[in-house]
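Source file: upload.csv. Holds: CSV, C-alpha atoms and all ligand atoms.
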```csv
chain,number,residue,atom,x,y,z
A,9,MET,CA,20.0,30.6,9.5
A,10,ASP,CA,18.2,32.0,12.5
A,11,LEU,CA,14.6,31.0,13.0
A,12,LEU,CA,12.2,33.5,14.6
A,13,GLU,CA,11.0,32.7,18.1
A,14,HIS,CA,7.6,31.3,17.0
A,15,GLU,CA,9.3,29.1,14.4
A,16,GLY,CA,11.8,27.8,16.9
A,17,LYS,CA,8.9,27.1,19.3
A,18,GLN,CA,7.1,25.1,16.6
A,19,LEU,CA,10.1,22.9,16.3
A,20,LEU,CA,10.5,22.6,20.1
A,21,SER,CA,6.8,21.7,20.4
A,22,ALA,CA,7.2,19.1,17.7
A,23,CYS,CA,10.1,17.6,19.6
A,24,GLY,CA,8.0,17.4,22.8
A,25,VAL,CA,9.2,20.5,24.6
A,26,PRO,CA,6.3,22.3,26.3
A,27,THR,CA,5.6,25.8,24.9
A,28,PRO,CA,2.9,28.4,25.8
A,29,ASP,CA,-0.4,28.4,23.8
A,30,GLY,CA,-0.5,31.2,21.3
A,31,ALA,CA,-0.3,32.3,17.7
A,32,THR,CA,1.4,34.9,15.5
A,33,VAL,CA,-0.5,37.7,13.8
A,34,ALA,CA,0.3,40.5,11.4
A,35,GLU,CA,-2.7,42.7,12.3
A,36,ALA,CA,-3.3,44.3,15.7
A,37,SER,CA,-7.0,43.3,15.6
A,38,GLU,CA,-6.0,39.7,15.3
A,39,ALA,CA,-3.9,40.0,18.4
A,40,ALA,CA,-7.1,41.0,20.2
A,41,ALA,CA,-8.9,37.9,18.8
A,42,ILE,CA,-6.1,35.6,20.0
A,43,ALA,CA,-6.1,37.2,23.5
A,44,ALA,CA,-9.9,36.8,23.7
A,45,ALA,CA,-9.6,33.1,22.7
A,46,LEU,CA,-6.9,32.5,25.3
A,47,GLU,CA,-9.1,34.1,27.9
A,48,SER,CA,-6.0,35.1,29.9
A,49,ARG,CA,-3.3,37.6,30.5
A,50,VAL,CA,-1.0,37.5,27.4
A,51,VAL,CA,2.4,38.5,26.3
A,52,VAL,CA,2.8,40.2,22.9
A,53,LYS,CA,6.3,39.6,21.4
A,54,ALA,CA,7.9,41.2,18.3
A,55,GLN,CA,9.0,38.4,16.0
A,56,VAL,CA,12.4,39.6,14.8
A,57,ALA,CA,15.8,37.9,14.4
A,58,ALA,CA,17.2,40.0,17.3
A,59,GLY,CA,17.8,39.3,20.9
A,60,LYS,CA,17.3,41.4,24.1
A,61,ARG,CA,13.8,42.2,23.0
A,62,GLY,CA,12.8,42.2,26.7
A,63,LYS,CA,15.2,45.1,27.3
A,64,SER,CA,14.2,47.0,24.2
A,65,GLY,CA,10.5,47.0,25.0
A,66,ALA,CA,9.6,44.5,22.3
A,67,VAL,CA,8.0,42.1,24.9
A,68,ARG,CA,4.7,43.5,26.3
A,69,PHE,CA,2.3,42.1,28.8
A,70,ALA,CA,-1.4,42.7,28.2
A,71,GLU,CA,-4.3,42.0,30.6
A,72,GLY,CA,-6.9,41.3,27.9
A,73,PRO,CA,-7.8,41.8,24.2
A,74,ALA,CA,-7.9,45.6,24.2
A,75,GLU,CA,-4.4,45.9,25.7
A,76,ALA,CA,-3.1,43.1,23.5
A,77,GLN,CA,-4.4,45.0,20.4
A,78,ARG,CA,-2.7,48.2,21.6
A,79,ALA,CA,0.6,46.4,22.3
A,80,ALA,CA,0.5,44.7,18.9
A,81,ALA,CA,-0.4,48.0,17.1
A,82,GLU,CA,2.7,49.7,18.8
A,83,LEU,CA,5.0,46.8,17.8
A,84,LEU,CA,3.8,46.1,14.3
A,85,GLY,CA,5.7,48.3,11.9
A,86,ALA,CA,8.2,49.4,14.5
A,87,THR,CA,11.8,48.6,14.2
A,88,VAL,CA,13.5,46.3,16.8
A,89,GLY,CA,17.2,45.6,16.7
A,90,GLY,CA,17.3,47.0,13.2
A,91,PHE,CA,14.5,44.7,11.9
A,92,PRO,CA,11.0,45.8,11.0
A,93,VAL,CA,8.4,44.0,13.0
A,94,GLU,CA,6.1,42.2,10.6
A,95,ARG,CA,4.5,39.7,13.0
A,96,VAL,CA,3.9,39.5,16.7
A,97,LEU,CA,3.5,36.4,18.8
A,98,VAL,CA,0.6,36.5,21.2
A,99,GLU,CA,0.9,33.9,23.9
A,100,ARG,CA,-0.7,33.0,27.2
A,101,ALA,CA,1.5,34.7,29.8
A,102,LEU,CA,3.2,32.3,32.1
A,103,PRO,CA,3.2,32.7,35.9
A,104,ILE,CA,7.0,32.4,36.0
A,105,ALA,CA,8.4,31.4,39.4
A,106,ARG,CA,12.0,30.7,38.2
A,107,GLU,CA,13.9,31.4,35.0
A,108,ARG,CA,16.4,28.9,33.9
A,109,TYR,CA,18.7,28.5,30.9
A,110,ALA,CA,19.2,25.6,28.5
A,111,ALA,CA,21.0,25.4,25.3
A,112,ILE,CA,22.9,23.1,22.9
A,113,LEU,CA,25.4,24.5,20.4
A,114,ASN,CA,28.4,23.7,18.2
A,115,ASP,CA,31.4,24.2,20.4
A,116,PRO,CA,34.5,25.4,18.5
A,117,ALA,CA,36.8,24.3,21.4
A,118,THR,CA,35.7,20.6,21.4
A,119,LYS,CA,34.6,20.6,17.8
A,120,GLY,CA,31.4,19.0,18.9
A,121,PRO,CA,28.0,19.7,20.5
A,122,LEU,CA,28.0,21.3,23.9
A,123,LEU,CA,25.0,21.2,26.2
A,124,LEU,CA,24.6,24.2,28.5
A,125,PHE,CA,22.4,24.5,31.6
A,126,ALA,CA,22.0,27.2,34.2
A,127,ALA,CA,19.7,27.2,37.1
A,128,SER,CA,19.4,31.0,36.8
A,129,GLY,CA,18.4,32.2,33.4
A,130,GLY,CA,16.5,35.1,32.0
A,131,MET,CA,17.7,38.4,30.8
A,132,GLU,CA,20.8,38.5,33.1
A,133,VAL,CA,22.2,35.1,32.2
A,134,GLU,CA,25.2,36.6,30.4
A,135,GLU,CA,26.1,38.9,33.3
A,136,PRO,CA,28.8,37.8,35.7
A,137,GLY,CA,27.7,35.8,38.7
A,138,GLY,CA,25.4,33.3,37.0
A,139,GLN,CA,26.9,29.8,36.7
A,140,VAL,CA,26.5,28.0,33.4
A,141,LEU,CA,27.2,24.3,33.5
A,142,ARG,CA,28.7,22.6,30.4
A,143,LEU,CA,28.5,19.1,29.1
A,144,PRO,CA,30.5,18.3,26.0
A,145,VAL,CA,28.6,15.7,24.0
A,146,ASP,CA,30.0,12.9,21.8
A,147,ILE,CA,28.1,13.4,18.5
A,148,ARG,CA,28.3,9.6,17.9
A,149,THR,CA,26.4,8.7,21.0
A,150,GLY,CA,24.6,11.8,22.1
A,151,PRO,CA,24.2,12.6,25.7
A,152,THR,CA,22.9,9.9,28.0
A,153,ALA,CA,20.1,10.5,30.5
A,154,PRO,CA,22.4,9.8,33.5
A,155,GLU,CA,25.0,12.3,32.3
A,156,VAL,CA,22.4,15.0,31.9
A,157,ALA,CA,20.8,14.1,35.2
A,158,GLU,CA,24.3,14.5,36.9
A,159,LEU,CA,24.7,17.9,35.2
A,160,VAL,CA,21.4,19.1,36.5
A,161,ALA,CA,22.1,17.6,40.0
A,162,GLY,CA,25.1,19.9,40.1
A,163,THR,CA,22.8,22.9,40.5
A,164,ASP,CA,20.3,24.0,43.2
A,165,VAL,CA,17.3,22.8,41.1
A,166,PRO,CA,15.0,21.0,43.6
A,167,GLU,CA,14.9,17.3,43.1
A,168,GLU,CA,11.3,17.2,42.0
A,169,GLN,CA,11.9,19.6,39.1
A,170,ARG,CA,14.9,17.7,37.7
A,171,PRO,CA,13.3,15.0,35.6
A,172,ALA,CA,11.3,17.5,33.5
A,173,ILE,CA,14.5,19.5,32.9
A,174,VAL,CA,16.6,16.5,32.0
A,175,ASP,CA,13.8,15.4,29.6
A,176,ILE,CA,13.9,18.9,28.0
A,177,LEU,CA,17.7,18.9,27.6
A,178,LEU,CA,17.6,15.5,25.9
A,179,ARG,CA,14.8,16.7,23.6
A,180,ILE,CA,16.6,19.8,22.6
A,181,TYR,CA,19.6,17.7,21.8
A,182,GLY,CA,17.3,15.6,19.6
A,183,LEU,CA,16.1,18.7,17.8
A,184,TYR,CA,19.7,19.9,17.3
A,185,ARG,CA,20.6,16.5,15.7
A,186,ASP,CA,17.5,16.0,13.7
A,187,PHE,CA,17.2,19.5,12.2
A,188,ASP,CA,21.0,20.1,11.7
A,189,ALA,CA,20.9,23.0,14.1
A,190,GLU,CA,23.9,25.0,15.2
A,191,LEU,CA,22.2,26.4,18.2
A,192,VAL,CA,19.0,25.7,20.2
A,193,GLU,CA,18.7,28.0,23.2
A,194,ILE,CA,15.8,28.4,25.6
A,195,ASN,CA,16.1,31.5,27.7
A,196,PRO,CA,14.2,31.6,29.9
A,197,LEU,CA,13.2,28.1,30.5
A,198,ALA,CA,10.4,29.0,32.7
A,199,VAL,CA,9.4,27.1,35.9
A,200,THR,CA,5.8,28.0,36.5
A,201,GLY,CA,4.1,28.4,39.9
A,202,ASP,CA,2.7,24.8,39.7
A,203,GLY,CA,6.2,23.4,38.9
A,204,GLY,CA,5.7,23.0,35.2
A,205,VAL,CA,8.7,23.7,32.9
A,206,VAL,CA,8.0,25.6,29.7
A,207,ALA,CA,10.1,27.2,27.0
A,208,ALA,CA,9.2,30.9,27.3
A,209,ASP,CA,11.6,31.9,24.5
A,210,ALA,CA,13.3,30.0,21.7
A,211,LYS,CA,16.4,30.7,19.6
A,212,VAL,CA,17.0,28.1,17.0
A,213,SER,CA,19.7,28.5,14.4
A,214,LEU,CA,20.1,26.0,11.6
A,215,ASP,CA,23.2,25.2,9.6
A,216,PRO,CA,22.6,27.2,6.4
A,217,GLY,CA,24.1,24.4,4.3
A,218,ALA,CA,21.4,22.0,5.6
A,219,VAL,CA,18.5,24.3,5.0
A,220,PRO,CA,17.7,22.9,1.5
A,221,ARG,CA,17.5,19.3,2.8
A,222,GLN,CA,15.5,20.4,5.8
A,223,ALA,CA,13.2,22.8,4.0
A,224,GLY,CA,10.3,20.4,3.7
A,225,ARG,CA,10.2,19.9,7.5
A,226,LEU,CA,10.6,23.5,8.6
A,227,PRO,CA,7.7,25.7,9.7
A,228,SER,CA,6.2,27.3,6.6
A,229,GLY,CA,7.9,30.4,5.5
A,230,SER,CA,10.9,30.0,7.8
A,231,ALA,CA,13.2,28.9,4.9
A,232,ASP,CA,12.3,32.2,3.2
A,233,GLY,CA,13.8,33.9,6.3
A,234,ARG,CA,17.2,33.2,4.9
A,235,VAL,CA,16.4,35.4,1.9
A,236,ALA,CA,15.5,38.3,4.2
A,237,THR,CA,19.1,38.4,5.5
A,238,GLU,CA,20.6,38.4,2.0
A,239,THR,CA,21.4,41.7,0.4
A,240,ALA,CA,20.0,42.5,-3.0
A,241,LEU,CA,23.4,41.9,-4.6
A,242,GLU,CA,23.7,38.5,-2.8
A,243,ARG,CA,20.3,37.5,-4.1
A,244,THR,CA,21.4,38.4,-7.7
A,245,ALA,CA,24.6,36.5,-7.2
A,246,GLY,CA,22.6,33.5,-5.9
A,247,GLU,CA,20.5,33.5,-9.1
A,248,LEU,CA,23.7,33.7,-11.2
A,249,GLY,CA,25.3,30.8,-9.2
A,250,LEU,CA,28.2,33.0,-8.1
A,251,PRO,CA,29.5,32.6,-4.5
A,252,PHE,CA,29.3,36.2,-3.4
A,253,ILE,CA,29.1,37.7,0.1
A,254,GLU,CA,28.8,41.5,0.6
A,255,PHE,CA,30.9,43.1,3.3
A,256,ASP,CA,30.8,46.7,4.5
A,257,GLY,CA,34.3,47.8,3.2
A,258,GLN,CA,35.6,49.6,0.1
A,259,VAL,CA,38.0,47.2,-1.6
A,260,GLY,CA,36.3,45.1,-4.2
A,261,VAL,CA,37.7,41.6,-4.4
A,262,LEU,CA,37.7,39.3,-7.4
A,263,SER,CA,39.6,36.1,-7.0
A,264,ASN,CA,39.6,32.4,-8.0
A,265,GLY,CA,39.1,29.5,-5.7
A,266,ALA,CA,37.5,29.8,-2.2
A,267,GLY,CA,40.9,29.4,-0.4
A,268,LEU,CA,42.7,32.2,-2.3
A,269,THR,CA,39.6,34.4,-2.1
A,270,MET,CA,39.5,34.1,1.7
A,271,THR,CA,43.2,34.7,1.8
A,272,THR,CA,42.8,37.8,-0.3
A,273,VAL,CA,40.0,39.1,2.0
A,274,ASP,CA,42.1,38.4,5.0
A,275,ALA,CA,45.1,40.2,3.4
A,276,VAL,CA,42.9,43.3,2.8
A,277,HIS,CA,42.2,43.3,6.6
A,278,HIS,CA,45.8,42.7,7.4
A,279,TYR,CA,46.9,45.8,5.6
A,280,GLY,CA,44.3,47.9,7.3
A,281,GLY,CA,41.6,47.9,4.7
A,282,ARG,CA,38.1,46.6,4.6
A,283,PRO,CA,36.9,44.3,1.8
A,284,ALA,CA,33.7,45.1,0.1
A,285,ASN,CA,32.9,41.5,-0.8
A,286,PHE,CA,33.9,37.9,-1.2
A,287,LEU,CA,33.6,36.8,-4.8
A,288,GLU,CA,35.1,33.7,-6.1
A,289,ILE,CA,35.1,33.0,-9.8
A,290,GLY,CA,36.5,29.7,-10.9
A,291,GLY,CA,37.6,28.2,-14.2
A,292,ASP,CA,34.4,29.4,-15.9
A,293,ALA,CA,35.4,33.0,-15.1
A,294,TYR,CA,35.5,33.6,-18.8
A,295,THR,CA,31.8,33.2,-19.2
A,296,LYS,CA,30.7,34.8,-15.9
A,297,ALA,CA,33.2,37.6,-15.6
A,298,THR,CA,30.9,40.4,-16.7
A,299,ALA,CA,28.2,39.4,-14.3
A,300,ALA,CA,30.7,38.9,-11.5
A,301,LEU,CA,32.4,42.3,-12.1
A,302,ARG,CA,29.0,44.0,-12.2
A,303,LEU,CA,28.2,42.5,-8.8
A,304,VAL,CA,31.4,44.0,-7.4
A,305,LEU,CA,30.9,47.4,-9.0
A,306,ASP,CA,27.2,47.7,-8.3
A,307,ASN,CA,28.2,48.1,-4.6
A,308,PRO,CA,28.4,51.9,-4.2
A,309,ASN,CA,31.0,51.6,-1.4
A,310,VAL,CA,33.7,50.2,-3.7
A,311,ARG,CA,36.7,52.5,-4.2
A,312,SER,CA,39.2,50.1,-5.7
A,313,LEU,CA,39.2,46.7,-7.3
A,314,LEU,CA,41.7,43.9,-6.5
A,315,VAL,CA,42.0,41.0,-8.9
A,316,ASN,CA,44.0,38.1,-7.5
A,317,PHE,CA,44.4,35.0,-9.6
A,318,CYS,CA,46.4,31.9,-9.0
A,319,GLY,CA,46.1,29.2,-11.6
A,320,ALA,CA,46.8,25.5,-11.4
A,321,PHE,CA,44.2,23.7,-13.5
A,322,ALA,CA,42.3,27.0,-14.0
A,323,ARG,CA,44.2,29.0,-16.6
A,324,THR,CA,45.0,32.5,-15.5
A,325,ASP,CA,45.1,33.8,-19.1
A,326,VAL,CA,41.6,32.6,-19.7
A,327,MET,CA,40.3,34.1,-16.5
A,328,THR,CA,42.2,37.3,-17.1
A,329,GLU,CA,40.8,37.7,-20.6
A,330,GLY,CA,37.3,37.3,-19.2
A,331,VAL,CA,37.9,40.0,-16.6
A,332,LEU,CA,39.6,42.3,-19.2
A,333,ASN,CA,36.6,41.9,-21.5
A,334,ALA,CA,34.3,42.7,-18.6
A,335,ILE,CA,36.3,45.8,-17.7
A,336,GLY,CA,36.1,46.9,-21.3
A,337,GLU,CA,32.4,46.5,-21.2
A,338,LEU,CA,31.7,48.0,-17.8
A,339,ARG,CA,34.5,50.6,-17.7
A,340,PRO,CA,34.9,50.8,-13.9
A,341,SER,CA,35.6,54.3,-12.5
A,342,VAL,CA,37.7,52.8,-9.7
A,343,PRO,CA,41.4,51.8,-10.1
A,344,VAL,CA,42.1,48.1,-10.7
A,345,TYR,CA,45.1,46.2,-9.2
A,346,PHE,CA,46.1,42.8,-10.5
A,347,CYS,CA,48.2,40.0,-9.1
A,348,ILE,CA,48.5,36.9,-11.3
A,349,HIS,CA,50.4,33.7,-10.8
A,350,GLY,CA,50.4,30.1,-12.2
A,351,THR,CA,49.3,28.5,-15.4
A,352,GLY,CA,49.2,31.0,-18.2
A,353,GLU,CA,50.7,33.7,-16.1
A,354,ALA,CA,53.0,35.2,-18.8
A,355,GLU,CA,50.2,35.5,-21.3
A,356,ALA,CA,47.9,37.0,-18.7
A,357,VAL,CA,50.4,39.6,-17.5
A,358,ALA,CA,51.1,40.6,-21.1
A,359,MET,CA,47.4,41.0,-21.7
A,360,VAL,CA,46.9,43.3,-18.7
A,361,ARG,CA,49.9,45.4,-19.8
A,362,GLU,CA,48.6,45.7,-23.4
A,363,ARG,CA,45.0,46.3,-22.8
A,364,MET,CA,45.1,48.3,-19.6
A,365,ALA,CA,48.5,49.8,-19.7
A,366,ILE,CA,49.1,48.9,-16.1
A,367,GLU,CA,51.6,46.5,-14.5
A,368,PRO,CA,50.3,43.5,-12.5
A,369,TYR,CA,52.0,43.2,-9.1
A,370,GLU,CA,54.6,40.5,-8.6
A,371,HIS,CA,53.7,40.1,-5.0
A,372,MET,CA,50.1,39.7,-3.7
A,373,ASP,CA,50.9,41.8,-0.6
A,374,ASP,CA,51.9,44.8,-2.8
A,375,ALA,CA,48.7,44.5,-4.9
A,376,VAL,CA,46.7,44.4,-1.7
A,377,ARG,CA,48.5,47.4,-0.2
A,378,ALA,CA,47.9,49.4,-3.3
A,379,ALA,CA,44.2,48.5,-3.5
A,380,VAL,CA,43.8,49.4,0.2
A,381,ALA,CA,45.7,52.7,-0.2
A,382,ALA,CA,43.6,53.6,-3.2
A,383,ALA,CA,40.4,52.9,-1.3
A,384,GLY,CA,41.5,55.6,1.1
A,385,GLN,CA,42.5,53.3,3.9
A,386,GLU,CA,45.7,52.6,5.7
A,387,GLY,CA,48.5,51.3,3.5
A,388,GLY,CA,50.8,49.7,5.9
B,401,LIG,P1,14.4,38.3,24.6
B,401,LIG,O1,14.7,39.4,25.6
B,401,LIG,O2,14.5,38.7,23.2
B,401,LIG,O3,15.3,37.1,24.9
B,401,LIG,O4,12.9,37.9,24.9
B,401,LIG,P2,12.3,36.8,25.9
B,401,LIG,O5,11.2,36.0,25.1
B,401,LIG,O6,13.3,36.0,26.6
B,401,LIG,O7,11.5,37.8,26.9
B,401,LIG,C1,12.2,38.6,27.8
B,401,LIG,C2,11.7,38.4,29.2
B,401,LIG,O8,10.3,38.6,29.3
B,401,LIG,C3,12.0,37.0,29.7
B,401,LIG,O9,13.3,36.9,30.2
B,401,LIG,C4,11.0,36.9,30.8
B,401,LIG,O10,11.5,37.4,32.0
B,401,LIG,C5,9.8,37.7,30.3
B,401,LIG,N1,8.8,36.9,29.7
B,401,LIG,C6,8.7,36.4,28.5
B,401,LIG,N2,7.6,35.7,28.3
B,401,LIG,C7,7.0,35.7,29.5
B,401,LIG,C8,5.8,35.1,30.0
B,401,LIG,O11,5.0,34.4,29.3
B,401,LIG,N3,5.4,35.4,31.3
B,401,LIG,C9,6.2,36.1,32.1
B,401,LIG,N4,5.9,36.4,33.4
B,401,LIG,N5,7.4,36.7,31.7
B,401,LIG,C10,7.7,36.4,30.4
B,402,MN,MN,15.1,35.3,25.8
```

Would you kindly transcribe this structure into structure tokens?
Ligand code: GDP
Ligand code: MN
Amino acid sequence: MDLLEHEGKQLLSACGVPTPDGATVAEASEAAAIAAALESRVVVKAQVAAGKRGKSGAVRFAEGPAEAQRAAAELLGATVGGFPVERVLVERALPIARERYAAILNDPATKGPLLLFAASGGMEVEEPGGQVLRLPVDIRTGPTAPEVAELVAGTDVPEEQRPAIVDILLRIYGLYRDFDAELVEINPLAVTGDGGVVAADAKVSLDPGAVPRQAGRLPSGSADGRVATETALERTAGELGLPFIEFDGQVGVLSNGAGLTMTTVDAVHHYGGRPANFLEIGGDAYTKATAALRLVLDNPNVRSLLVNFCGAFARTDVMTEGVLNAIGELRPSVPVYFCIHGTGEAEAVAMVRERMAIEPYEHMDDAVRAAVAAAGQEGG
């Protein structure tokens, strides 16, 4: 779950990382009031879960309250990176002398935390030429101060600036650990004219699975941010307790067990199709099948429906009966393709033949190919 910049900065600040003075507002007139209170040049920044705001004009500088109000009025209600701007952050503008880069993230290669630091940060850090130093961290011990000091000493950061940077790197690791973050990134980590080091931007992303246990400690409203990234169907699925993720494809998927469902989604891709969703229904498919099928069919992109069941403890005949009842009730206008194996298979297959007058596929690959072809995509 991505936090907005100002939410990330609240966590950084709570963890002892210096951040600029400022506040978020939803009205342009309030931006003027904040700028007046700060009595300084300010920066007005769109609060959206998108990066590269600097390049898209969503970070504006203002000399005083009137300019701040104008900048806020232009940004509020605009769309940045596909997101509507509902709030802007108005902050004291920093006299930035140098822009550096600091981050901690989950590293798939080492399967552990990775601390990153670059002496040159800012908007061009991802471009070639910049050097990002990496320190894999042992999650059991965390990084030690000498290790981090050695990392920073490997750059051209002047000696007198190093302790503040080492301190910040250790603190963002603390934030990462304490808040179950997947990413904490400060870019730029600004060095001001007087040698202070301040987080001018913040990108904090939390493990979505940990959000419920962290909710009480997060900046108010930020846990709701998760909802904003859910589609309407995903929200409904959440209320029904069904694990459902919407994709942008055309093949509706209904399967049992998370592993088989992921495999089914992968197989749709493999045969040149695009899945419309991930939807796993388990042993209680019988009771939830109608709600589940409605989720799949309510997606207007769906052109075919693929039902893939494999039963061990879960009986495929029970699951199939649930789905057939749901099909009888909802009468999908798209073709349906079945593949059924495991416990209760013979009864399940017989039921599909009898009630739908179609033949379930013996091989999952064939069912997937048929569903992909029917959705108007490559068969292959
Ligand atoms: P992003 O483009 O979405 O990552 O937004 P940032 O918050 O990083 O802002 C983009 C750029 O604006 C930064 O790389 C800085 O160069 C500049 N910037 C942001 N805040 C300040 C500030 O307070 N003072 C100054 N001088 N520049 C700033
Ligand atoms: Mn940035």

Quiz item: So which residues fall inside 6 Å of (18.8, 26.5, 13.5) if we count only C-alpha atoms? Mind giving them as a PyMOL selection string?
Solution: chain A and resi 9-10+189-191+212-214

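In terms of minimum interatomic distance to A:Glu158, A:Phe125 ranks closest within A:Tyr181, A:Phe187, A:Phe317, A:Phe125, counting only C-alpha atoms.
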
Exercise. List all protein, DNA and RNA residues that have an atom no more than 9 Å from any atom of ligand LIG 401 (chain B), counting all atoms listed in the file, and report them as a VMD selection string.
Key: chain A and resid 13 28 49 to 54 56 to 69 99 to 105 107 129 to 132 194 to 198 200 207 to 211

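Of note, atom CA of A:Gly217 and atom CA of A:Pro251 are spaced 13.2 Å apart.
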
Quiz item: If you count only C-alpha atoms, which residues fall within 6 Å of stretch 303-315 of chain A, apart from same-chain ones fewer than 6 positions away, as a PyMOL selection string?
Solution: chain A and resi 258-263+342-346+379+383

Quiz item: List as a ChimeraX atom specification: which residues have an atom within 9 Å of (31.6, 42.7, -22.0), counting all atoms listed in the file?
Solution: /A:297-298,330-338

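Between atom CA of A:Ser37 and atom CA of A:Phe91 there is a distance of 21.9 Å.
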
Self-check item: Straight-line distance linking atom CA of A:Pro121 with atom CA of A:Arg142, stated in Å to one decimal
Solution: 10.3 Å

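Using all atoms listed in the file, the smallest distance between any of A:Tyr109, A:Thr351, A:Asp186, A:Pro144 and ligand MN 402 (chain B) comes from A:Tyr109.
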
Quiz prompt | All residues 10 Å or closer to A:Val165, all atoms listed in the file, same chain fewer than 6 positions away omitted, as an MDAnalysis selection string | solution = chainID A and resid 106 108 126:128 173

Quiz item: Which is closer to ligand MN 402 (chain B) than all the others in A:Ala381, A:Arg179, A:Gly246, A:Ala111, using all atoms listed in the file?
Solution: A:Ala111

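Between ligand MN 402 (chain B) and the residues A:Leu123, A:Val380, A:Val33, A:Leu12, the shortest atom-to-atom distance, using all atoms listed in the file, involves A:Leu12.
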
Quiz item: Any idea what's packed within 10 Å of A:Leu177, counting only C-alpha atoms, ignoring anything in its chain fewer than 6 positions away? Could you give it as an NGL selection string?
Solution: :A and (25 or 110-112 or 123-125 or 151 or 153 or 156-157 or 160 or 171 or 183 or 194)

Quiz item: Counting all atoms listed in the file, what is within 12 Å of A:Glu38, bar same-chain residues fewer than 3 positions away, as a ChimeraX atom specification?
Solution: /A:30-35,41-45,52,73-74,76-81,84,95-98

Practice problem: Name the closest residue to ligand MN 402 (chain B) among the candidates A:Leu248, A:Val145, A:Val192, A:Leu19; distances are taken between atoms, counting all atoms listed in the file. | Solution: A:Val192

Quiz item: Can you list, as a VMD selection string, every protein, DNA or RNA residue that comes within 7 Å of A:Asp325 when you count all atoms listed in the file, leaving out same-chain residues fewer than 4 positions away?
Solution: chain A and resid 329 352 to 353 355 to 356

Next, write the just-selected residues to a file, as a PDB file, keeping the file's coordinate frame, keeping C-alpha atoms as the atom set.
```pdb
ATOM      1  CA  GLU A 329      40.800  37.700 -20.600  1.00  0.00           C
ATOM      2  CA  GLY A 352      49.200  31.000 -18.200  1.00  0.00           C
ATOM      3  CA  GLU A 353      50.700  33.700 -16.100  1.00  0.00           C
ATOM      4  CA  GLU A 355      50.200  35.500 -21.300  1.00  0.00           C
ATOM      5  CA  ALA A 356      47.900  37.000 -18.700  1.00  0.00           C
TER       6      ALA A 356
END
```
